[in-house]
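*Asks:* Okay, so here is my_file-v4.pdb, and as you'll see once you scroll down, it has PDB, C-alpha atoms and all ligand atoms.
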ATOM      1  CA  MET A 226     119.254  79.276  78.052
ATOM      2  CA  LYS A 227     116.166  79.548  75.863
ATOM      3  CA  LYS A 228     113.439  81.738  77.288
ATOM      4  CA  GLU A 229     109.765  80.897  77.282
ATOM      5  CA  LEU A 230     106.769  83.176  77.349
ATOM      6  CA  ILE A 231     104.658  82.932  80.476
ATOM      7  CA  GLU A 232     101.709  84.877  81.795
ATOM      8  CA  LEU A 233     101.689  85.846  85.437
ATOM      9  CA  ARG A 234      98.795  87.316  87.383
ATOM     10  CA  VAL A 235     100.218  89.609  90.043
ATOM     11  CA  ASN A 236      98.179  91.912  92.262
ATOM     12  CA  SER A 237      95.155  91.507  89.947
ATOM     13  CA  ARG A 238      97.094  92.441  86.802
ATOM     14  CA  SER A 239      98.300  90.159  84.010
ATOM     15  CA  TYR A 240     101.853  90.288  82.725
ATOM     16  CA  GLU A 241     103.464  88.450  79.821
ATOM     17  CA  LEU A 242     107.114  87.703  80.511
ATOM     18  CA  ALA A 243     109.923  85.964  78.652
ATOM     19  CA  VAL A 244     111.771  83.977  81.313
ATOM     20  CA  GLU A 245     114.264  81.159  81.517
ATOM     21  CA  PRO A 246     112.622  77.953  82.771
ATOM     22  CA  SER A 247     114.836  78.120  85.867
ATOM     23  CA  LYS A 248     113.799  81.643  86.806
ATOM     24  CA  LEU A 249     112.562  81.885  90.358
ATOM     25  CA  LEU A 250     109.324  83.676  91.126
ATOM     26  CA  LEU A 251     111.180  86.073  93.458
ATOM     27  CA  ASP A 252     113.521  87.094  90.637
ATOM     28  CA  ALA A 253     110.677  87.490  88.148
ATOM     29  CA  LEU A 254     108.889  89.781  90.588
ATOM     30  CA  ARG A 255     111.939  91.834  91.496
ATOM     31  CA  GLN A 256     113.836  91.923  88.183
ATOM     32  CA  ASP A 257     111.161  91.677  85.511
ATOM     33  CA  LEU A 258     108.241  93.409  87.206
ATOM     34  CA  GLN A 259     110.225  95.783  89.456
ATOM     35  CA  LEU A 260     108.139  94.671  92.432
ATOM     36  CA  THR A 261     110.988  94.878  94.904
ATOM     37  CA  GLY A 262     108.960  94.678  98.108
ATOM     38  CA  SER A 263     109.584  90.931  98.375
ATOM     39  CA  LYS A 264     113.123  90.388  99.692
ATOM     40  CA  ARG A 265     115.819  87.733  99.480
ATOM     41  CA  GLY A 266     117.199  87.268 102.973
ATOM     42  CA  CYS A 267     118.794  83.831 102.805
ATOM     43  CA  ASP A 268     119.891  81.060 100.512
ATOM     44  CA  ASP A 269     118.190  78.185 102.248
ATOM     45  CA  SER A 270     114.444  78.816 102.529
ATOM     46  CA  SER A 271     114.681  79.737 106.178
ATOM     47  CA  CYS A 272     113.922  83.458 106.597
ATOM     48  CA  GLY A 273     110.509  84.100 105.039
ATOM     49  CA  ALA A 274     111.511  87.528 103.684
ATOM     50  CA  CYS A 275     110.426  86.473 100.195
ATOM     51  CA  THR A 276     106.919  85.400 101.237
ATOM     52  CA  VAL A 277     104.130  86.172  98.789
ATOM     53  CA  GLN A 278     100.652  84.692  98.528
ATOM     54  CA  VAL A 279      99.876  82.278  95.726
ATOM     55  CA  ASP A 280      96.127  81.730  95.417
ATOM     56  CA  GLY A 281      95.876  83.259  98.886
ATOM     57  CA  VAL A 282      98.399  80.939 100.548
ATOM     58  CA  PRO A 283     101.769  82.210 101.844
ATOM     59  CA  MET A 284     104.613  80.722  99.809
ATOM     60  CA  LEU A 285     108.349  81.281  99.608
ATOM     61  CA  SER A 286     108.899  82.929  96.235
ATOM     62  CA  CYS A 287     112.620  82.087  96.427
ATOM     63  CA  THR A 288     111.841  78.400  96.057
ATOM     64  CA  MET A 289     109.178  78.522  93.321
ATOM     65  CA  LEU A 290     109.717  78.657  89.593
ATOM     66  CA  ALA A 291     107.980  81.601  87.966
ATOM     67  CA  ALA A 292     106.739  79.298  85.205
ATOM     68  CA  SER A 293     104.987  77.086  87.759
ATOM     69  CA  CYS A 294     102.810  80.008  88.851
ATOM     70  CA  GLU A 295     100.901  80.500  85.628
ATOM     71  CA  ARG A 296      97.134  80.538  86.121
ATOM     72  CA  GLN A 297      97.566  81.341  89.805
ATOM     73  CA  GLU A 298      96.868  84.640  91.529
ATOM     74  CA  ILE A 299     100.009  86.055  93.104
ATOM     75  CA  THR A 300      99.778  88.779  95.726
ATOM     76  CA  THR A 301     102.840  90.691  96.856
ATOM     77  CA  ILE A 302     103.244  93.355  99.507
ATOM     78  CA  GLU A 303     102.597  95.931  96.780
ATOM     79  CA  GLY A 304      99.081  94.503  96.433
ATOM     80  CA  VAL A 305      98.143  94.585 100.108
ATOM     81  CA  SER A 306      97.195  98.228 100.447
ATOM     82  CA  GLY A 307      94.137  99.353  98.561
ATOM     83  CA  HIS A 308      93.912 102.511  96.450
ATOM     84  CA  GLY A 309      96.825 104.211  98.165
ATOM     85  CA  SER A 310      95.619 103.617 101.713
ATOM     86  CA  LEU A 311      97.450 101.362 104.135
ATOM     87  CA  ALA A 312      95.861  98.107 105.228
ATOM     88  CA  ALA A 313      95.044  97.926 108.958
ATOM     89  CA  ILE A 314      98.032  95.677 109.617
ATOM     90  CA  GLN A 315     100.402  98.066 107.826
ATOM     91  CA  LYS A 316      99.073 101.030 109.800
ATOM     92  CA  ALA A 317      99.410  99.091 113.059
ATOM     93  CA  TYR A 318     103.007  98.187 112.201
ATOM     94  CA  GLY A 319     103.739 101.892 111.839
ATOM     95  CA  ASP A 320     101.902 102.838 115.019
ATOM     96  CA  TRP A 321     103.540 100.147 117.174
ATOM     97  CA  GLY A 322     107.049 100.117 115.745
ATOM     98  CA  GLY A 323     106.585  96.646 114.268
ATOM     99  CA  ALA A 324     109.360  97.343 111.762
ATOM    100  CA  GLN A 325     112.866  98.604 112.393
ATOM    101  CA  CYS A 326     115.068  98.043 109.327
ATOM    102  CA  GLY A 327     111.915  96.757 107.599
ATOM    103  CA  PHE A 328     113.660  94.036 105.607
ATOM    104  CA  CYS A 329     111.525  91.250 107.040
ATOM    105  CA  THR A 330     108.306  93.255 107.115
ATOM    106  CA  PRO A 331     106.817  92.442 103.695
ATOM    107  CA  GLY A 332     107.153  88.723 104.363
ATOM    108  CA  PHE A 333     105.578  89.039 107.796
ATOM    109  CA  ILE A 334     102.686  91.104 106.430
ATOM    110  CA  MET A 335     101.960  88.526 103.728
ATOM    111  CA  THR A 336     101.868  85.762 106.326
ATOM    112  CA  VAL A 337      99.771  87.763 108.789
ATOM    113  CA  THR A 338      97.187  88.846 106.212
ATOM    114  CA  HIS A 339      96.649  85.195 105.333
ATOM    115  CA  LEU A 340      96.310  84.278 109.018
ATOM    116  CA  LEU A 341      93.728  87.002 109.638
ATOM    117  CA  ALA A 342      91.776  86.073 106.505
ATOM    118  CA  GLU A 343      91.570  82.481 107.740
ATOM    119  CA  ASN A 344      91.161  83.244 111.418
ATOM    120  CA  PRO A 345      90.032  86.787 112.306
ATOM    121  CA  ARG A 346      90.491  86.167 116.050
ATOM    122  CA  PRO A 347      93.752  84.257 116.388
ATOM    123  CA  THR A 348      95.157  83.460 119.794
ATOM    124  CA  GLU A 349      98.727  84.409 120.709
ATOM    125  CA  GLU A 350      99.650  80.780 120.049
ATOM    126  CA  ASP A 351      97.988  80.911 116.606
ATOM    127  CA  ILE A 352      99.953  84.063 115.748
ATOM    128  CA  ARG A 353     103.267  82.626 116.917
ATOM    129  CA  GLY A 354     102.601  79.393 115.055
ATOM    130  CA  ALA A 355     101.697  81.165 111.810
ATOM    131  CA  LEU A 356     104.787  83.366 111.985
ATOM    132  CA  SER A 357     107.231  80.616 112.894
ATOM    133  CA  GLY A 358     108.668  80.612 109.364
ATOM    134  CA  ASN A 359     109.357  84.349 109.298
ATOM    135  CA  LEU A 360     112.495  85.657 110.972
ATOM    136  CA  CYS A 361     113.329  89.141 112.209
ATOM    137  CA  ARG A 362     116.767  90.201 113.404
ATOM    138  CA  CYS A 363     115.833  93.638 114.747
ATOM    139  CA  THR A 364     112.628  93.930 116.707
ATOM    140  CA  GLY A 365     112.654  91.148 119.270
ATOM    141  CA  TYR A 366     109.142  90.395 117.961
ATOM    142  CA  SER A 367     107.190  91.982 120.833
ATOM    143  CA  GLN A 368     106.293  95.189 118.930
ATOM    144  CA  MET A 369     105.253  93.046 116.012
ATOM    145  CA  TYR A 370     102.873  91.018 118.138
ATOM    146  CA  GLN A 371     101.498  94.263 119.610
ATOM    147  CA  ALA A 372     100.925  95.582 116.101
ATOM    148  CA  ILE A 373      99.144  92.413 115.037
ATOM    149  CA  LYS A 374      96.884  92.520 118.099
ATOM    150  CA  ALA A 375      96.132  96.204 117.428
ATOM    151  CA  ALA A 376      95.239  95.388 113.819
ATOM    152  CA  ILE A 377      92.912  92.624 114.991
ATOM    153  CA  GLU A 378      91.216  95.019 117.427
ATOM    154  CA  ALA A 379      90.880  97.680 114.706
ATOM    155  CA  GLU A 380      89.311  95.153 112.333
ATOM    156  CA  GLN A 381      86.896  93.928 115.001
ATOM    157  CA  LYS A 382      85.929  97.492 115.908
ATOM    158  CA  GLY A 383      85.396  98.370 112.228
ATOM    159  CA  MET A 384      83.191  95.315 111.774
ATOM    160  CA  ALA A 385      81.143  96.135 114.900
ATOM    161  CA  GLU A 386      80.614  99.738 113.720
ATOM    162  CA  ALA A 387      79.532  98.552 110.280
ATOM    163  CA  ARG A 388      76.733  96.438 111.768
TER     164      ARG A 388
HETATM  165  S1  LIG B   1     114.696  84.450 100.841
HETATM  166 FE1  LIG B   1     114.796  83.447 102.782
HETATM  167  S2  LIG B   1     113.134  82.034 102.672
HETATM  168 FE2  LIG B   1     113.115  82.985 100.717
HETATM  169  S1  LIG B   2     112.821  94.762 111.199
HETATM  170 FE1  LIG B   2     114.863  94.336 110.587
HETATM  171  S2  LIG B   2     114.861  92.195 110.199
HETATM  172 FE2  LIG B   2     112.902  92.592 110.985
END
Can you give me the file's structure in the form of structure tokens?

*Replies:*
Amino acid sequence: MKKELIELRVNSRSYELAVEPSKLLLDALRQDLQLTGSKRGCDDSSCGACTVQVDGVPMLSCTMLAASCERQEITTIEGVSGHGSLAAIQKAYGDWGGAQCGFCTPGFIMTVTHLLAENPRPTEEDIRGALSGNLCRCTGYSQMYQAIKAAIEAEQKGMAEAR
């Protein structure tokens, strides 16, 4: 199939790629850009492991065409930490055992960072609702919720100290 040139903005960098029109965003990220943090966990849009943010909104990269994402800002798990330091939610995941095999973790983090950007003090119900499209087979979820609450507390404390 004939390839077309597209420009993708990923993690604040621009890339020019030659892709088939049918190429999925997940495959462009993983195969063309070697950004393998986003995972493919299913074939039917049901696991959330491939979640990235497109213009700040969590989206399933396994169901989007790469070519449809031109002129949009894509953020992957590789773009969450800043300058080599872990984001608060990533640190909390480590501290609280929020990840076991870790396969689902990038997708969860992309969904959670969007939630916290929109709603810095989410209730338990808000968190469960936001994460309803992300599945984990290992943790039983409770450590994950603990990690998210710890990250919220750390952010709140950091904000209070900065005042
Ligand atoms: S890989 Fe499962 S929803 Fe995208
Ligand atoms: S930590 Fe293994 S699937 Fe979630």

*Asks:* I would like the residues chosen by the PyMOL selection byres (((not hetatm)) within 7 of (chain B and resi 2)) on the shown file; could you give them as a list in words?

*Replies:*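 So the PyMOL selection byres (((not hetatm)) within 7 of (chain B and resi 2)) ends up selecting Ala324, Gln325, Cys326, Gly327, Phe328, Cys329, Thr330, Leu360, Cys361, Arg362, Cys363 and Thr364 of chain A.
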
*Asks:* List all protein, DNA and RNA residues that have at least one atom no more than 9 Å from any atom of ligand LIG 1 (chain B), counting all atoms listed in the file, and write them as a count of residues only.

*Replies:* 23

*Asks:* Given the file shown, enumerate the residues that the PyMOL selection byres (((chain A and resi 237) around 8) and not hetatm) captures and present them as number ranges by chain.

*Replies:* A: 234-236, 238-239, 298-300

*Asks:* Extract, using only C-alpha atoms, all DNA, RNA and protein residues at most 12 Å from Ala376 in chain A, discarding same-chain residues fewer than 3 positions from it, and format them as JSON, numbers by chain.

*Replies:* {"A": [311, 312, 313, 314, 315, 316, 317, 318, 319, 320, 321, 323, 334, 337, 338, 341, 345, 346, 347, 369, 370, 371, 372, 373, 379, 380, 381, 382, 383]}

*Asks:* Could you write out that same residue set with C-alpha atoms as a PDB file, in the coordinates of the input?

*Replies:*
ATOM      1  CA  LEU A 311      97.450 101.362 104.135  1.00  0.00           C
ATOM      2  CA  ALA A 312      95.861  98.107 105.228  1.00  0.00           C
ATOM      3  CA  ALA A 313      95.044  97.926 108.958  1.00  0.00           C
ATOM      4  CA  ILE A 314      98.032  95.677 109.617  1.00  0.00           C
ATOM      5  CA  GLN A 315     100.402  98.066 107.826  1.00  0.00           C
ATOM      6  CA  LYS A 316      99.073 101.030 109.800  1.00  0.00           C
ATOM      7  CA  ALA A 317      99.410  99.091 113.059  1.00  0.00           C
ATOM      8  CA  TYR A 318     103.007  98.187 112.201  1.00  0.00           C
ATOM      9  CA  GLY A 319     103.739 101.892 111.839  1.00  0.00           C
ATOM     10  CA  ASP A 320     101.902 102.838 115.019  1.00  0.00           C
ATOM     11  CA  TRP A 321     103.540 100.147 117.174  1.00  0.00           C
ATOM     12  CA  GLY A 323     106.585  96.646 114.268  1.00  0.00           C
ATOM     13  CA  ILE A 334     102.686  91.104 106.430  1.00  0.00           C
ATOM     14  CA  VAL A 337      99.771  87.763 108.789  1.00  0.00           C
ATOM     15  CA  THR A 338      97.187  88.846 106.212  1.00  0.00           C
ATOM     16  CA  LEU A 341      93.728  87.002 109.638  1.00  0.00           C
ATOM     17  CA  PRO A 345      90.032  86.787 112.306  1.00  0.00           C
ATOM     18  CA  ARG A 346      90.491  86.167 116.050  1.00  0.00           C
ATOM     19  CA  PRO A 347      93.752  84.257 116.388  1.00  0.00           C
ATOM     20  CA  MET A 369     105.253  93.046 116.012  1.00  0.00           C
ATOM     21  CA  TYR A 370     102.873  91.018 118.138  1.00  0.00           C
ATOM     22  CA  GLN A 371     101.498  94.263 119.610  1.00  0.00           C
ATOM     23  CA  ALA A 372     100.925  95.582 116.101  1.00  0.00           C
ATOM     24  CA  ILE A 373      99.144  92.413 115.037  1.00  0.00           C
ATOM     25  CA  ALA A 379      90.880  97.680 114.706  1.00  0.00           C
ATOM     26  CA  GLU A 380      89.311  95.153 112.333  1.00  0.00           C
ATOM     27  CA  GLN A 381      86.896  93.928 115.001  1.00  0.00           C
ATOM     28  CA  LYS A 382      85.929  97.492 115.908  1.00  0.00           C
ATOM     29  CA  GLY A 383      85.396  98.370 112.228  1.00  0.00           C
TER      30      GLY A 383
END

*Asks:* Can you work out the spacing between CA of Ala355 in chain A and CA of Leu340 in chain A in Å, to one decimal?

*Replies:* 6.8 Å

*Asks:* I would like the residues chosen by the PyMOL selection byres (((chain A and resi 240-245) around 9) and not hetatm) on the shown file; could you give them as a PyMOL selection string?

*Replies:* chain A and resi 226-235+238-239+246-248+253+257-258+291-292

*Asks:* Just give me the gap between CA of Cys294 in chain A and CA of Gln278 in chain A in Å, one decimal is fine.

*Replies:*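 Computed distance, CA of Cys294 in chain A to CA of Gln278 in chain A, equals 11.0 Å.
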
*Asks:* So the first atom is CA of Ala375 in chain A and the second is CA of Ile352 in chain A; what is the distance between them in Å, to one decimal place?

*Replies:* 12.8 Å

*Asks:* Would you mind listing what lies within 6 Å of Thr336 in chain A as a ChimeraX atom specification, with all atoms listed in the file counted and same-chain residues fewer than 3 positions away left out?

*Replies:* /A:283,333,339

*Asks:* Under the rule that only C-alpha atoms are counted, which of A:Met289, A:Arg353, A:Gly281, A:Ile377 is the nearest residue to Val305 in chain A?

*Replies:*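 Ranked by minimum distance to Val305 in chain A, first place goes to A:Gly281.
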
*Asks:* Using only the atoms of range 325-341 of chain A listed in the file, plus 3 Å on each side, state the axis-aligned box centre and edge lengths in Å rounded to one decimal, as AutoDock Vina command-line options.

*Replies:*
--center_x 104.4 --center_y 91.4 --center_z 108.0 --size_x 27.3 --size_y 20.3 --size_z 14.7

*Asks:* What would range 307-331 of chain A look like if you wrote it out as a compact mmCIF listing (two decimals), in the first residue's frame, with N, CA and C atoms included, from the block I just posted?

*Replies:*
# COMPACT_ATOMS: atom_id res chain seq x y z
N GLY A 307 9.30 14.40 33.86
CA GLY A 307 9.99 15.58 33.35
C GLY A 307 11.47 15.56 33.67
N HIS A 308 12.30 15.75 32.66
CA HIS A 308 13.75 15.88 32.85
C HIS A 308 14.33 14.76 33.71
N GLY A 309 13.89 13.54 33.46
CA GLY A 309 14.48 12.40 34.14
C GLY A 309 13.92 12.13 35.52
N SER A 310 13.03 12.98 36.01
CA SER A 310 12.46 12.71 37.34
C SER A 310 11.04 12.17 37.18
N LEU A 311 10.67 11.26 38.08
CA LEU A 311 9.35 10.66 37.98
C LEU A 311 8.27 11.66 38.36
N ALA A 312 7.14 11.59 37.68
CA ALA A 312 5.97 12.37 38.10
C ALA A 312 5.47 11.81 39.43
N ALA A 313 4.72 12.63 40.17
CA ALA A 313 4.24 12.20 41.50
C ALA A 313 3.45 10.90 41.41
N ILE A 314 2.66 10.73 40.38
CA ILE A 314 1.85 9.51 40.27
C ILE A 314 2.75 8.31 39.99
N GLN A 315 3.80 8.49 39.23
CA GLN A 315 4.72 7.37 38.97
C GLN A 315 5.46 6.97 40.24
N LYS A 316 5.89 7.97 41.00
CA LYS A 316 6.59 7.68 42.26
C LYS A 316 5.64 6.94 43.22
N ALA A 317 4.40 7.42 43.30
CA ALA A 317 3.44 6.79 44.20
C ALA A 317 3.15 5.35 43.78
N TYR A 318 3.10 5.10 42.48
CA TYR A 318 2.90 3.72 42.02
C TYR A 318 4.02 2.82 42.53
N GLY A 319 5.25 3.33 42.47
CA GLY A 319 6.39 2.57 42.97
C GLY A 319 6.31 2.36 44.47
N ASP A 320 5.96 3.41 45.19
CA ASP A 320 5.93 3.34 46.65
C ASP A 320 4.84 2.40 47.16
N TRP A 321 3.70 2.36 46.46
CA TRP A 321 2.54 1.62 46.95
C TRP A 321 2.31 0.29 46.22
N GLY A 322 3.21 -0.08 45.37
CA GLY A 322 3.04 -1.35 44.64
C GLY A 322 1.85 -1.30 43.69
N GLY A 323 1.67 -0.15 43.04
CA GLY A 323 0.54 0.00 42.11
C GLY A 323 0.71 -0.82 40.85
N ALA A 324 1.93 -1.27 40.57
CA ALA A 324 2.18 -2.10 39.39
C ALA A 324 2.78 -3.43 39.81
N GLN A 325 2.32 -4.49 39.18
CA GLN A 325 2.96 -5.79 39.39
C GLN A 325 3.69 -6.18 38.09
N CYS A 326 3.00 -6.75 37.11
CA CYS A 326 3.71 -7.00 35.85
C CYS A 326 3.97 -5.69 35.11
N GLY A 327 3.15 -4.67 35.37
CA GLY A 327 3.36 -3.35 34.78
C GLY A 327 2.78 -3.16 33.39
N PHE A 328 2.19 -4.20 32.83
CA PHE A 328 1.71 -4.09 31.44
C PHE A 328 0.61 -3.03 31.30
N CYS A 329 -0.25 -2.96 32.28
CA CYS A 329 -1.37 -2.02 32.21
C CYS A 329 -0.98 -0.61 32.66
N THR A 330 0.17 -0.50 33.32
CA THR A 330 0.49 0.74 34.05
C THR A 330 0.56 1.99 33.17
N PRO A 331 1.21 1.95 32.01
CA PRO A 331 1.25 3.17 31.21
C PRO A 331 -0.15 3.70 30.87
